[in-house]
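Student: The structure's right below; bear with me while I get my questions together.
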Amino acid sequence: MKLIYISDALCGWCYGFTPVIQQMQQQYAGQLSFEILSGGMNTGDNRRPAASMHGYIIKAYHRVEDMTGAKFGQPFLEQLLPREDYLLDSTPPALALTVFKSFLPEKAIDFAHEIQIAFNYEGQSLNDNDTYIKLIKQYDIDPAAFIQRLQNPQYLQETNLEFQQVAQWGITGFPAVILQKDDRFFLAARGYVPAEQLQTAIEQVKTKE
């Protein structure tokens, strides 16, 4: 059985939900395999300046914090978010995650959360490759090799294929969780759910014939 976690680096609810997935990874080690796919929330015509979302996020982030326990940092809320010149674009962080998976796929969910922290708490730019170079230091990945793959069209193509796969499944909101058992797929979570609820969904699918 496989748990497929569909996330987006720019999604605040995903920032709060990734620790739940990390908990499931620990709890179901050796029982489930885990994969993370990027959803592509802000791509194409959906890319927009951060400032255009400032009013909405300033009102909404408290609810994410209350429900998930995640904390949004002042550098994000007060410095990055009000910027007219910062483009909310899901492709650069999704590409970085695709490249990371080519090195350490088993650590991909952890790296995705590091990206979310860098953005939502530290207010770092996800459009700047230097952000990812800092993050990969703890994983002992060669920075030059990482940059080389970021610039290789193959990995951008793989990233776009992920976006297409998610769209074909009809997943338009994030986060989401799909459980794959043999050749069958089950939607286990649409939006944030607590660990207990996701565990219940996993156990129900495990018992299906």
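Numbering starts fresh at 1 for the residues of each chain in the structure tokens, the chains themselves are lettered A, B, ... in the order given, and ligands are numbered from 1 as they appear.
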So which bits of range 26-100 of chain A end up helix (DSSP H, G or I) when you DSSP the backbone, as a PyMOL selection string?
Tutor: chain A and resi 26-27+44-46+51-68+74-80+91-100
Student: Please give the complete set of residues from range 2-93 of chain A that DSSP, run on the backbone, assigns to strand (DSSP E), formatted as a PyMOL selection string.
Tutor: chain A and resi 2-7+33-38+48-49+87-88
Student: Since we have the selection now, will you write its residues out, keeping all heavy atoms, as a CSV table (one decimal), in the first residue's frame?
Tutor:
chain,number,residue,atom,x,y,z
A,2,LYS,N,0.4,2.3,-0.7
A,2,LYS,CA,1.1,3.5,-0.8
A,2,LYS,C,0.3,4.7,-0.4
A,2,LYS,O,-0.9,4.8,-0.7
A,2,LYS,CB,1.7,3.7,-2.2
A,2,LYS,CG,2.5,5.0,-2.4
A,2,LYS,CD,2.7,5.4,-3.9
A,2,LYS,CE,3.7,4.5,-4.5
A,2,LYS,NZ,4.0,4.9,-5.9
A,3,LEU,N,0.9,5.6,0.4
A,3,LEU,CA,0.2,6.9,0.7
A,3,LEU,C,0.8,8.0,-0.2
A,3,LEU,O,2.0,8.2,-0.2
A,3,LEU,CB,0.4,7.3,2.2
A,3,LEU,CG,-0.3,8.5,2.7
A,3,LEU,CD1,-0.7,8.4,4.2
A,3,LEU,CD2,0.5,9.8,2.4
A,4,ILE,N,0.0,8.6,-1.0
A,4,ILE,CA,0.4,9.7,-1.9
A,4,ILE,C,-0.1,11.0,-1.3
A,4,ILE,O,-1.3,11.2,-1.2
A,4,ILE,CB,-0.1,9.5,-3.3
A,4,ILE,CG1,0.3,8.1,-3.9
A,4,ILE,CG2,0.3,10.6,-4.3
A,4,ILE,CD1,-0.5,7.7,-5.1
A,5,TYR,N,0.9,11.8,-0.9
A,5,TYR,CA,0.6,13.1,-0.3
A,5,TYR,C,0.7,14.2,-1.4
A,5,TYR,O,1.7,14.3,-2.0
A,5,TYR,CB,1.5,13.4,0.8
A,5,TYR,CG,1.5,14.8,1.5
A,5,TYR,CD1,0.3,15.4,1.6
A,5,TYR,CD2,2.6,15.4,1.9
A,5,TYR,CE1,0.2,16.7,2.2
A,5,TYR,CE2,2.6,16.6,2.5
A,5,TYR,CZ,1.3,17.3,2.6
A,5,TYR,OH,1.3,18.5,3.2
A,6,ILE,N,-0.4,14.9,-1.6
A,6,ILE,CA,-0.4,16.0,-2.6
A,6,ILE,C,-0.4,17.3,-1.9
A,6,ILE,O,-1.3,17.6,-1.1
A,6,ILE,CB,-1.7,15.8,-3.5
A,6,ILE,CG1,-1.7,14.5,-4.2
A,6,ILE,CG2,-1.7,16.9,-4.6
A,6,ILE,CD1,-2.9,14.1,-4.9
A,7,SER,N,0.6,18.1,-2.2
A,7,SER,CA,0.9,19.3,-1.4
A,7,SER,C,1.3,20.4,-2.4
A,7,SER,O,1.5,20.2,-3.6
A,7,SER,CB,2.0,19.0,-0.4
A,7,SER,OG,2.4,20.2,0.3
A,33,SER,N,4.4,2.6,1.9
A,33,SER,CA,5.4,3.5,1.2
A,33,SER,C,4.8,4.8,1.1
A,33,SER,O,3.5,5.0,1.1
A,33,SER,CB,5.8,2.9,-0.2
A,33,SER,OG,4.7,2.8,-1.0
A,34,PHE,N,5.6,5.9,1.0
A,34,PHE,CA,5.1,7.2,0.9
A,34,PHE,C,5.7,8.0,-0.3
A,34,PHE,O,6.9,7.8,-0.6
A,34,PHE,CB,5.5,8.0,2.2
A,34,PHE,CG,4.7,7.6,3.4
A,34,PHE,CD1,5.0,6.4,4.1
A,34,PHE,CD2,3.7,8.4,3.9
A,34,PHE,CE1,4.3,6.0,5.2
A,34,PHE,CE2,3.0,8.0,5.0
A,34,PHE,CZ,3.3,6.8,5.7
A,35,GLU,N,4.8,8.8,-0.9
A,35,GLU,CA,5.2,9.6,-2.0
A,35,GLU,C,4.6,11.0,-1.9
A,35,GLU,O,3.5,11.1,-1.4
A,35,GLU,CB,4.8,8.9,-3.3
A,35,GLU,CG,5.2,9.7,-4.6
A,35,GLU,CD,4.8,9.0,-5.9
A,35,GLU,OE1,4.1,8.0,-5.8
A,35,GLU,OE2,5.1,9.5,-6.9
A,36,ILE,N,5.3,12.0,-2.3
A,36,ILE,CA,4.8,13.3,-2.3
A,36,ILE,C,4.8,13.9,-3.7
A,36,ILE,O,5.7,13.7,-4.4
A,36,ILE,CB,5.6,14.3,-1.3
A,36,ILE,CG1,4.9,15.7,-1.3
A,36,ILE,CG2,7.0,14.3,-1.6
A,36,ILE,CD1,5.4,16.6,-0.2
A,37,LEU,N,3.6,14.4,-4.1
A,37,LEU,CA,3.5,15.1,-5.4
A,37,LEU,C,3.1,16.5,-5.2
A,37,LEU,O,2.4,16.9,-4.3
A,37,LEU,CB,2.4,14.4,-6.2
A,37,LEU,CG,2.5,12.9,-6.5
A,37,LEU,CD1,1.3,12.4,-7.3
A,37,LEU,CD2,3.8,12.7,-7.3
A,38,SER,N,3.6,17.4,-6.1
A,38,SER,CA,3.3,18.8,-6.0
A,38,SER,C,2.1,19.1,-6.8
A,38,SER,O,1.9,18.6,-7.9
A,38,SER,CB,4.5,19.6,-6.6
A,38,SER,OG,5.7,19.4,-5.8
A,48,ARG,N,0.5,35.1,-9.1
A,48,ARG,CA,0.1,36.5,-8.8
A,48,ARG,C,1.0,37.1,-7.8
A,48,ARG,O,1.8,36.4,-7.1
A,48,ARG,CB,-1.3,36.4,-8.2
A,48,ARG,CG,-1.5,35.6,-6.9
A,48,ARG,CD,-2.9,35.3,-6.5
A,48,ARG,NE,-3.5,34.4,-7.5
A,48,ARG,CZ,-4.7,34.0,-7.5
A,48,ARG,NH1,-5.6,34.6,-6.7
A,48,ARG,NH2,-5.2,33.1,-8.4
A,49,PRO,N,1.1,38.4,-7.7
A,49,PRO,CA,1.9,39.0,-6.7
A,49,PRO,C,1.5,38.7,-5.3
A,49,PRO,O,0.3,38.5,-5.0
A,49,PRO,CB,1.7,40.6,-6.9
A,49,PRO,CG,1.2,40.6,-8.3
A,49,PRO,CD,0.4,39.4,-8.5
A,87,LEU,N,6.5,37.3,-6.8
A,87,LEU,CA,5.5,36.5,-7.5
A,87,LEU,C,5.2,35.1,-6.8
A,87,LEU,O,6.2,34.4,-6.6
A,87,LEU,CB,5.9,36.2,-9.0
A,87,LEU,CG,4.9,35.6,-9.9
A,87,LEU,CD1,3.7,36.6,-10.1
A,87,LEU,CD2,5.5,35.2,-11.2
A,88,LEU,N,4.0,34.8,-6.5
A,88,LEU,CA,3.6,33.5,-5.9
A,88,LEU,C,3.6,32.5,-7.1
A,88,LEU,O,2.6,32.6,-7.9
A,88,LEU,CB,2.3,33.6,-5.2
A,88,LEU,CG,2.3,34.5,-3.9
A,88,LEU,CD1,0.9,34.6,-3.4
A,88,LEU,CD2,3.2,34.0,-2.8
Student: Using only C-alpha atoms for the distances, tell me which of A:Val205, A:Gly40, A:Asn160, A:Leu77 is nearest to Arg184 in chain A.
Tutor: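 Checking each of A:Val205, A:Gly40, A:Asn160, A:Leu77 against Arg184 in chain A, counting only C-alpha atoms, the winner is A:Val205.
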Student: Tell me which protein, DNA and RNA residues are within 12 Å of Lys134 in chain A, counting only C-alpha atoms, leaving out same-chain ones fewer than 2 positions away, and put them as a ChimeraX atom specification.
Tutor: /A:111,114-115,118,124-126,128-132,136-143,146-147
Student: Tell me which protein, DNA and RNA residues are within 12 Å of Thr207 in chain A, counting only C-alpha atoms, leaving out same-chain ones fewer than 6 positions away, and put them as JSON, numbers by chain.
Tutor: {"A": [1, 181, 200, 201]}
Student: Skipping near chain neighbours, those fewer than 6 positions away, what residues fall within 10 Å of Leu80 in chain A using only C-alpha atoms, listed as a list in words?
Tutor: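 Near neighbours after the sequence-gap exclusion: Ala50, Ala51, His54, Gln74, Tyr86, Phe119, Asn120, Glu122, Gly123, Gln124 and Ser125 of chain A.
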Student: Print the selection's residues with C-alpha atoms to a file, as a compact mmCIF listing (two decimals), in the first residue's frame.
Tutor:
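Written file, out04.txt:
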# COMPACT_ATOMS: atom_id res chain seq x y z
CA ALA A 50 2.14 38.20 -2.97
CA ALA A 51 0.50 41.53 -2.10
CA HIS A 54 -2.02 39.77 1.69
CA GLN A 74 6.67 37.84 11.02
CA TYR A 86 7.25 38.95 -5.27
CA PHE A 119 8.58 30.34 3.25
CA ASN A 120 5.82 30.56 5.86
CA GLU A 122 11.26 32.64 7.74
CA GLY A 123 9.83 34.60 4.79
CA GLN A 124 12.47 33.35 2.36
CA SER A 125 11.98 33.59 -1.38
Student: For His113 in chain A, work out the shell of residues within 12 Å, counting only C-alpha atoms and skipping chain neighbours fewer than 6 positions away, then give it as a PyMOL selection string.
Tutor: chain A and resi 7-22+36+70+93+97+107+119-121+135
Student: Could you tell me how far CA of Ala112 in chain A sits from CA of Gly191 in chain A, in Å to one decimal place?
Tutor: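 Answer for the CA of Gly191 in chain A to CA of Ala112 in chain A separation: 17.1 Å.
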